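Peer 1: Input file: final.pdb. Contents: PDB, C-alpha atoms.
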```
ATOM      1  CA  MET A   1      -5.118  19.678  46.703
ATOM      2  CA  SER A   2      -2.808  17.995  49.225
ATOM      3  CA  ILE A   3      -5.747  15.983  50.633
ATOM      4  CA  ILE A   4      -6.704  14.824  47.123
ATOM      5  CA  LYS A   5      -3.143  13.761  46.320
ATOM      6  CA  ASP A   6      -2.915  11.835  49.595
ATOM      7  CA  PHE A   7      -6.255  10.162  48.862
ATOM      8  CA  VAL A   8      -5.099   9.160  45.378
ATOM      9  CA  ALA A   9      -1.740   7.919  46.698
ATOM     10  CA  LEU A  10      -3.501   5.716  49.275
ATOM     11  CA  ASN A  11      -5.867   4.278  46.675
ATOM     12  CA  ARG A  12      -3.061   3.621  44.203
ATOM     13  CA  LYS A  13      -1.168   1.789  46.959
ATOM     14  CA  CYS A  14      -4.227  -0.359  47.713
ATOM     15  CA  SER A  15      -4.745  -1.095  44.005
ATOM     16  CA  ARG A  16      -1.089  -2.108  43.611
ATOM     17  CA  SER A  17      -1.418  -4.356  46.646
ATOM     18  CA  LEU A  18      -4.355  -6.181  45.044
ATOM     19  CA  GLU A  19      -2.346  -6.583  41.850
ATOM     20  CA  GLU A  20       0.611  -8.058  43.752
ATOM     21  CA  LYS A  21      -1.460 -10.410  45.923
ATOM     22  CA  PHE A  22      -3.836 -11.582  43.169
ATOM     23  CA  PRO A  23      -1.889 -11.251  39.895
ATOM     24  CA  GLN A  24      -4.163 -13.630  37.959
ATOM     25  CA  SER A  25      -7.197 -11.492  38.746
ATOM     26  CA  PHE A  26      -5.715  -7.982  38.824
ATOM     27  CA  GLY A  27      -2.305  -8.275  37.145
ATOM     28  CA  PRO A  28      -1.351  -7.173  33.643
ATOM     29  CA  ASP A  29      -1.795  -9.158  30.440
ATOM     30  CA  LEU A  30       1.101 -11.559  29.915
ATOM     31  CA  PRO A  31       2.688 -11.317  27.491
ATOM     32  CA  SER A  32       2.022  -7.604  27.382
ATOM     33  CA  TYR A  33       0.804  -5.895  24.225
ATOM     34  CA  ARG A  34       4.241  -4.294  23.916
ATOM     35  CA  ASP A  35       5.963  -7.685  24.054
ATOM     36  CA  GLU A  36       3.542  -9.077  21.470
ATOM     37  CA  LEU A  37       4.130  -6.100  19.184
ATOM     38  CA  LEU A  38       7.913  -6.306  19.470
ATOM     39  CA  SER A  39       7.815 -10.054  18.831
ATOM     40  CA  ARG A  40       5.931  -9.536  15.570
ATOM     41  CA  ILE A  41       8.224  -6.726  14.461
ATOM     42  CA  SER A  42      11.349  -8.723  15.291
ATOM     43  CA  ALA A  43      10.157 -11.806  13.419
ATOM     44  CA  GLY A  44      10.374 -10.074  10.027
ATOM     45  CA  ILE A  45      13.750  -8.551  10.845
ATOM     46  CA  LYS A  46      15.167 -11.927  11.895
ATOM     47  CA  ARG A  47      13.912 -13.524   8.665
ATOM     48  CA  GLY A  48      15.910 -10.947   6.736
ATOM     49  CA  ALA A  49      12.731  -9.743   5.051
ATOM     50  CA  VAL A  50      13.008  -6.225   6.508
ATOM     51  CA  THR A  51      15.727  -3.758   5.548
ATOM     52  CA  ARG A  52      13.814  -0.468   6.000
ATOM     53  CA  VAL A  53      11.585   0.309   9.002
ATOM     54  CA  LEU A  54       9.427   3.388   9.593
ATOM     55  CA  GLU A  55       8.056   4.056  13.063
ATOM     56  CA  ILE A  56       5.188   6.524  13.080
ATOM     57  CA  GLY A  57       4.266   8.430  16.215
ATOM     58  CA  GLY A  58       7.365   7.328  18.106
ATOM     59  CA  ILE A  59       8.754  10.860  18.601
ATOM     60  CA  ASP A  60      11.639  10.388  21.133
ATOM     61  CA  ARG A  61      10.351   7.060  22.542
ATOM     62  CA  PRO A  62      11.284   4.564  19.790
ATOM     63  CA  LEU A  63      10.364   0.884  19.849
ATOM     64  CA  LEU A  64      13.631  -0.192  18.204
ATOM     65  CA  ARG A  65      17.249   0.971  18.064
ATOM     66  CA  LYS A  66      19.101   2.619  15.223
ATOM     67  CA  GLY A  67      22.085   0.700  13.910
ATOM     68  CA  SER A  68      20.581  -2.770  14.340
ATOM     69  CA  GLY A  69      21.154  -3.910  10.768
ATOM     70  CA  PHE A  70      18.362  -2.014   9.017
ATOM     71  CA  ILE A  71      17.470   1.564   8.112
ATOM     72  CA  TYR A  72      15.287   2.956  10.903
ATOM     73  CA  ASP A  73      13.348   6.151  10.130
ATOM     74  CA  GLY A  74      10.850   7.963  12.328
ATOM     75  CA  MET A  75       7.845  10.183  11.689
ATOM     76  CA  ASP A  76       5.588  12.306  13.897
ATOM     77  CA  ILE A  77       3.599  15.531  13.800
ATOM     78  CA  GLU A  78       6.118  17.191  16.120
ATOM     79  CA  THR A  79       9.833  16.896  16.691
ATOM     80  CA  LYS A  80      12.492  17.128  19.379
ATOM     81  CA  ASP A  81      16.217  17.612  18.941
ATOM     82  CA  THR A  82      16.887  14.013  20.042
ATOM     83  CA  CYS A  83      14.755  12.609  17.202
ATOM     84  CA  PHE A  84      17.508  13.254  14.687
ATOM     85  CA  ASN A  85      19.902  11.086  16.702
ATOM     86  CA  ILE A  86      17.455   8.290  17.504
ATOM     87  CA  TYR A  87      16.504   7.604  13.869
ATOM     88  CA  ASP A  88      18.425   7.478  10.608
ATOM     89  CA  LYS A  89      15.987  10.054   9.263
ATOM     90  CA  PHE A  90      13.123  11.892  10.941
ATOM     91  CA  ILE A  91      10.057  13.160   9.046
ATOM     92  CA  VAL A  92       7.467  15.642  10.355
ATOM     93  CA  GLN A  93       4.077  14.751   8.839
ATOM     94  CA  PRO A  94       0.663  13.504   9.999
ATOM     95  CA  VAL A  95       0.071   9.877   9.059
ATOM     96  CA  GLU A  96      -3.232  10.580   7.312
ATOM     97  CA  LYS A  97      -1.484  13.011   4.936
ATOM     98  CA  MET A  98       1.985  11.528   4.677
ATOM     99  CA  GLN A  99       3.741  11.633   1.324
ATOM    100  CA  LEU A 100       7.094   9.884   1.450
ATOM    101  CA  THR A 101       9.916   9.640  -1.060
ATOM    102  CA  ASP A 102      10.897   6.212   0.316
ATOM    103  CA  THR A 103       8.956   2.997   0.793
ATOM    104  CA  TYR A 104       9.420   0.632   3.714
ATOM    105  CA  ASP A 105       9.408  -3.097   4.361
ATOM    106  CA  SER A 106       7.845  -2.543   7.776
ATOM    107  CA  ILE A 107       5.787   0.313   9.240
ATOM    108  CA  ILE A 108       5.125   0.219  12.977
ATOM    109  CA  SER A 109       3.470   2.202  15.746
ATOM    110  CA  ILE A 110       2.310   1.958  19.348
ATOM    111  CA  THR A 111      -0.602   3.980  20.796
ATOM    112  CA  LEU A 112      -0.740   6.275  17.776
ATOM    113  CA  LEU A 113      -3.756   5.461  15.625
ATOM    114  CA  GLU A 114      -6.307   6.380  18.306
ATOM    115  CA  HIS A 115      -5.071   9.970  17.890
ATOM    116  CA  VAL A 116      -5.623  10.025  14.109
ATOM    117  CA  THR A 117      -8.810  11.781  13.028
ATOM    118  CA  ASP A 118      -9.225   9.745   9.819
ATOM    119  CA  ASN A 119      -7.784   6.260   9.966
ATOM    120  CA  ARG A 120      -9.216   5.337   6.576
ATOM    121  CA  SER A 121      -6.805   7.866   5.091
ATOM    122  CA  GLY A 122      -4.090   6.840   7.540
ATOM    123  CA  ILE A 123      -4.272   3.155   6.609
ATOM    124  CA  ASP A 124      -4.375   4.087   2.922
ATOM    125  CA  ARG A 125      -1.186   6.154   3.283
ATOM    126  CA  ILE A 126       0.532   3.342   5.145
ATOM    127  CA  PHE A 127      -0.467   0.919   2.376
ATOM    128  CA  LEU A 128       1.025   3.211  -0.276
ATOM    129  CA  SER A 129       4.228   3.628   1.748
ATOM    130  CA  LEU A 130       4.889  -0.122   2.056
ATOM    131  CA  THR A 131       6.954  -2.088  -0.424
ATOM    132  CA  PRO A 132       5.069  -4.931  -2.182
ATOM    133  CA  GLY A 133       4.946  -7.730   0.360
ATOM    134  CA  GLY A 134       5.761  -5.263   3.140
ATOM    135  CA  GLU A 135       4.148  -5.587   6.555
ATOM    136  CA  MET A 136       2.800  -3.331   9.250
ATOM    137  CA  HIS A 137       2.462  -3.896  12.986
ATOM    138  CA  HIS A 138       0.550  -1.644  15.368
ATOM    139  CA  TYR A 139      -0.907  -1.524  18.844
ATOM    140  CA  VAL A 140      -3.998   0.627  19.265
ATOM    141  CA  PRO A 141      -6.233   1.178  22.310
ATOM    142  CA  SER A 142      -9.813   0.120  21.686
ATOM    143  CA  LYS A 143     -12.781   2.475  21.519
ATOM    144  CA  TRP A 144     -15.251   0.888  23.952
ATOM    145  CA  HIS A 145     -13.090   0.021  26.946
ATOM    146  CA  PRO A 146     -14.159   2.138  29.976
ATOM    147  CA  TYR A 147     -10.949   4.160  29.942
ATOM    148  CA  ALA A 148     -11.368   5.044  26.237
ATOM    149  CA  VAL A 149     -14.954   6.134  26.881
ATOM    150  CA  ALA A 150     -13.770   8.186  29.861
ATOM    151  CA  LEU A 151     -11.069   9.870  27.759
ATOM    152  CA  ARG A 152     -13.610  11.039  25.226
ATOM    153  CA  LEU A 153     -16.011  12.258  27.901
ATOM    154  CA  VAL A 154     -13.327  14.170  29.811
ATOM    155  CA  GLY A 155     -11.578  15.677  26.772
ATOM    156  CA  PRO A 156      -7.917  16.646  26.360
ATOM    157  CA  ILE A 157      -8.031  19.971  28.246
ATOM    158  CA  LEU A 158      -9.371  18.462  31.456
ATOM    159  CA  GLN A 159      -7.136  15.404  30.978
ATOM    160  CA  LYS A 160      -4.056  17.627  31.167
ATOM    161  CA  LYS A 161      -5.240  18.907  34.537
ATOM    162  CA  LEU A 162      -6.262  15.529  35.961
ATOM    163  CA  ILE A 163      -3.278  13.396  34.879
ATOM    164  CA  PRO A 164      -0.713  14.933  37.314
ATOM    165  CA  VAL A 165      -3.146  14.232  40.160
ATOM    166  CA  LEU A 166      -4.630  10.864  39.194
ATOM    167  CA  ARG A 167      -1.702   9.309  37.284
ATOM    168  CA  PRO A 168       1.465  11.125  38.437
ATOM    169  CA  GLY A 169       4.429  10.362  36.218
ATOM    170  CA  ALA A 170       2.341   9.895  33.066
ATOM    171  CA  GLU A 171       2.190  13.569  32.107
ATOM    172  CA  SER A 172       4.639  13.293  29.208
ATOM    173  CA  VAL A 173       2.867  10.396  27.465
ATOM    174  CA  SER A 174      -0.810  11.167  28.096
ATOM    175  CA  GLY A 175      -3.333  13.892  27.442
ATOM    176  CA  TYR A 176      -3.262  14.065  23.643
ATOM    177  CA  PRO A 177      -6.626  14.328  21.824
ATOM    178  CA  ALA A 178      -7.980  10.850  21.082
ATOM    179  CA  TYR A 179     -10.632  10.128  18.436
ATOM    180  CA  PHE A 180     -10.587   6.296  18.243
ATOM    181  CA  ASP A 181     -11.601   6.328  14.580
ATOM    182  CA  HIS A 182     -12.052   2.678  13.461
ATOM    183  CA  CYS A 183     -10.378   1.647  16.726
ATOM    184  CA  THR A 184     -12.258  -1.571  17.365
ATOM    185  CA  ILE A 185     -11.261  -5.010  16.161
ATOM    186  CA  PRO A 186     -14.253  -5.470  13.789
ATOM    187  CA  ALA A 187     -13.923  -1.960  12.324
ATOM    188  CA  MET A 188     -10.159  -2.238  11.832
ATOM    189  CA  ARG A 189     -10.424  -5.683  10.251
ATOM    190  CA  ARG A 190     -13.004  -4.383   7.743
ATOM    191  CA  LEU A 191     -10.846  -1.369   6.963
ATOM    192  CA  LEU A 192      -7.751  -3.480   6.309
ATOM    193  CA  THR A 193      -9.679  -5.945   4.165
ATOM    194  CA  GLU A 194     -11.277  -3.178   2.092
ATOM    195  CA  ARG A 195      -7.861  -1.597   1.453
ATOM    196  CA  GLY A 196      -6.483  -4.893   0.177
ATOM    197  CA  PHE A 197      -4.243  -6.022   3.015
ATOM    198  CA  THR A 198      -3.681  -9.760   3.464
ATOM    199  CA  ASP A 199      -2.411 -11.989   6.300
ATOM    200  CA  ILE A 200      -4.384  -9.911   8.813
ATOM    201  CA  ARG A 201      -3.640 -11.018  12.390
ATOM    202  CA  ILE A 202      -5.287  -9.340  15.376
ATOM    203  CA  LYS A 203      -4.856 -10.124  19.071
ATOM    204  CA  ALA A 204      -6.998  -8.527  21.779
ATOM    205  CA  PHE A 205      -5.766  -7.369  25.169
ATOM    206  CA  PHE A 206      -8.051  -6.532  28.071
ATOM    207  CA  ARG A 207      -6.088  -4.973  30.914
ATOM    208  CA  ALA A 208      -6.136  -1.202  31.382
ATOM    209  CA  ASN A 209      -7.211  -1.068  35.032
ATOM    210  CA  ASP A 210      -4.243   1.142  35.967
ATOM    211  CA  TYR A 211      -6.168   4.132  34.638
ATOM    212  CA  PHE A 212      -8.600   3.595  37.531
ATOM    213  CA  ALA A 213      -6.092   2.777  40.277
ATOM    214  CA  PHE A 214      -6.657   6.257  41.758
ATOM    215  CA  PHE A 215      -9.903   4.926  43.340
ATOM    216  CA  THR A 216      -9.688   1.305  44.442
ATOM    217  CA  PRO A 217     -13.433   0.457  44.308
ATOM    218  CA  LEU A 218     -13.495   1.641  40.689
ATOM    219  CA  PHE A 219     -10.264  -0.273  40.024
ATOM    220  CA  ILE A 220     -11.950  -3.463  41.281
ATOM    221  CA  LEU A 221     -15.121  -2.841  39.257
ATOM    222  CA  VAL A 222     -13.251  -2.203  35.999
ATOM    223  CA  THR A 223     -11.022  -5.233  36.563
ATOM    224  CA  PHE A 224     -14.099  -7.421  37.077
ATOM    225  CA  PHE A 225     -15.533  -6.056  33.820
ATOM    226  CA  GLU A 226     -12.260  -6.768  31.989
ATOM    227  CA  ASN A 227     -12.121 -10.329  33.310
ATOM    228  CA  ILE A 228     -15.701 -11.039  32.236
ATOM    229  CA  CYS A 229     -15.042  -9.632  28.760
ATOM    230  CA  ARG A 230     -11.889 -11.741  28.404
ATOM    231  CA  ARG A 231     -13.687 -14.898  29.568
ATOM    232  CA  LEU A 232     -16.572 -14.334  27.134
ATOM    233  CA  ASP A 233     -14.246 -13.143  24.335
ATOM    234  CA  LEU A 234     -16.076  -9.820  24.078
ATOM    235  CA  ASN A 235     -13.362  -8.200  21.973
ATOM    236  CA  ILE A 236     -15.474  -5.106  21.339
ATOM    237  CA  PHE A 237     -14.658  -4.135  24.967
ATOM    238  CA  ALA A 238     -10.940  -4.983  24.775
ATOM    239  CA  SER A 239      -8.539  -2.407  26.187
ATOM    240  CA  GLY A 240      -6.593  -2.568  22.927
ATOM    241  CA  PHE A 241      -5.265  -4.830  20.220
ATOM    242  CA  VAL A 242      -2.126  -5.629  18.276
ATOM    243  CA  PHE A 243      -2.691  -6.026  14.571
ATOM    244  CA  SER A 244      -0.460  -6.998  11.672
ATOM    245  CA  ALA A 245      -1.135  -7.083   7.950
ATOM    246  CA  ARG A 246       0.762  -7.458   4.692
ATOM    247  CA  LYS A 247       0.619  -5.572   1.400
ATOM    248  CA  ARG A 248       0.054  -7.903  -1.540
ATOM    249  CA  ILE A 249       3.171  -8.484  -3.653
ATOM    250  CA  ASN A 250       1.247  -7.648  -6.813
ATOM    251  CA  ALA A 251      -0.373  -4.524  -5.342
TER     252      ALA A 251
END
```
Transcribe the structure of this file into structure tokens.

Peer 2:
Amino acid sequence: MSIIKDFVALNRKCSRSLEEKFPQSFGPDLPSYRDELLSRISAGIKRGAVTRVLEIGGIDRPLLRKGSGFIYDGMDIETKDTCFNIYDKFIVQPVEKMQLTDTYDSIISITLLEHVTDNRSGIDRIFLSLTPGGEMHHYVPSKWHPYAVALRLVGPILQKKLIPVLRPGAESVSGYPAYFDHCTIPAMRRLLTERGFTDIRIKAFFRANDYFAFFTPLFILVTFFENICRRLDLNIFASGFVFSARKRINA
């Protein structure tokens, strides 16, 4: 095991070196998907159009801060003691079955929807939980990027064993079962349109080569694939996408 960890550490160092020396070819998307997501969320808050926010799937890693001039509730399928301090209210429910007593001006999430078994139900529940004219903003990894394919092939049990070796430090945020239901740009756009959302805005991101940094030749190959897909606008192979949509006022 020590030899494997040393091998991975050497490869990760080489991959990081390529990223630092050739940032345009190997570096991350700029702005990052997180920055894009936060920018969209903040825009509604700054306009004064948002007074109640629900973050789903945030558990104890929230995107925003409580006490910033709006009600900030959280929801997840599990809970930790800190959740009740991070949010104004914390709800334990799965998104595809959520039944809320409140409605929200904005519902947000990051890397959640790929873990939902039925996103048709999930999007429907989000729609019902928004105020008329309310908006939602999400980032979701995309189904056909090499890392998403690898996740499904490996499965969550083996992932839990491999992550400490191949991606040390990511144990607490990785390894959950991922289904990628409707998690491509075309499929998500159709789903949102069918449910009656308007003002649909989707932006693709392509960089997820860090998942392959444990073996530098594979890191290079995946990065080359990502760069080709970005150049040709092959969004079906994006690493993920930020999407926003609005509930009709008369819905």

Peer 1: Could you list the residues chosen by the PyMOL selection byres ((chain A and resi 201-216) around 7) in this structure as a ChimeraX atom specification?

Peer 2: /A:8,11-12,14-15,28-29,33,147,166,199-200,217-220,222-223,226,230,235,238-245

Peer 1: Write to file, as a compact mmCIF listing (two decimals), keeping the file's coordinate frame, the residues of the selection just made, with C-alpha atoms.

Peer 2:
```
# COMPACT_ATOMS: atom_id res chain seq x y z
CA VAL A 8 -5.10 9.16 45.38
CA ASN A 11 -5.87 4.28 46.68
CA ARG A 12 -3.06 3.62 44.20
CA CYS A 14 -4.23 -0.36 47.71
CA SER A 15 -4.74 -1.10 44.00
CA PRO A 28 -1.35 -7.17 33.64
CA ASP A 29 -1.80 -9.16 30.44
CA TYR A 33 0.80 -5.90 24.22
CA TYR A 147 -10.95 4.16 29.94
CA LEU A 166 -4.63 10.86 39.19
CA ASP A 199 -2.41 -11.99 6.30
CA ILE A 200 -4.38 -9.91 8.81
CA PRO A 217 -13.43 0.46 44.31
CA LEU A 218 -13.50 1.64 40.69
CA PHE A 219 -10.26 -0.27 40.02
CA ILE A 220 -11.95 -3.46 41.28
CA VAL A 222 -13.25 -2.20 36.00
CA THR A 223 -11.02 -5.23 36.56
CA GLU A 226 -12.26 -6.77 31.99
CA ARG A 230 -11.89 -11.74 28.40
CA ASN A 235 -13.36 -8.20 21.97
CA ALA A 238 -10.94 -4.98 24.78
CA SER A 239 -8.54 -2.41 26.19
CA GLY A 240 -6.59 -2.57 22.93
CA PHE A 241 -5.26 -4.83 20.22
CA VAL A 242 -2.13 -5.63 18.28
CA PHE A 243 -2.69 -6.03 14.57
CA SER A 244 -0.46 -7.00 11.67
CA ALA A 245 -1.14 -7.08 7.95
```

Peer 1: Using all atoms listed in the file, pick whichever of A:Leu38, A:Thr131, A:Gln159, A:Ile77 has the shortest atom-to-atom distance to A:Leu64.

Peer 2: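 Between A:Leu38, A:Thr131, A:Gln159, A:Ile77, the residue approaching A:Leu64 most closely is A:Leu38.
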
Peer 1: Applying the PyMOL selection byres ((chain A and resi 97-112) around 6) to the file I just gave you, which residues come out? Please list them as a list in words.

Peer 2: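 The output of the PyMOL selection byres ((chain A and resi 97-112) around 6) on this file is Val50, Arg52, Val53, Leu54, Glu55, Ile56, Gly57, Gln93, Pro94, Val95, Glu96, Leu113, Glu114, His115, Ser129, Leu130, Thr131, Gly134, Glu135, Met136, His137, His138, Tyr139 and Val140 of chain A.
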
Peer 1: I'd like to see the residues matched by the PyMOL selection byres ((chain A and resi 83) around 12) on this file, and ideally I'd get them as a ChimeraX atom specification.

Peer 2: /A:55,57-62,65-66,72-76,78-82,84-92

Peer 1: Between atom CA of A:Arg167 and atom CA of A:Leu151, what distance in Å does the model show, to one decimal?

Peer 2: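 Taking atom CA of A:Arg167 as the start and atom CA of A:Leu151 as the end point, the length is 13.4 Å.
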
Peer 1: Which residue is closest to A:Lys247? Choose from A:Asp124, A:Glu20, A:Asp118, A:Asp35 and count all atoms listed in the file.

Peer 2: A:Asp124
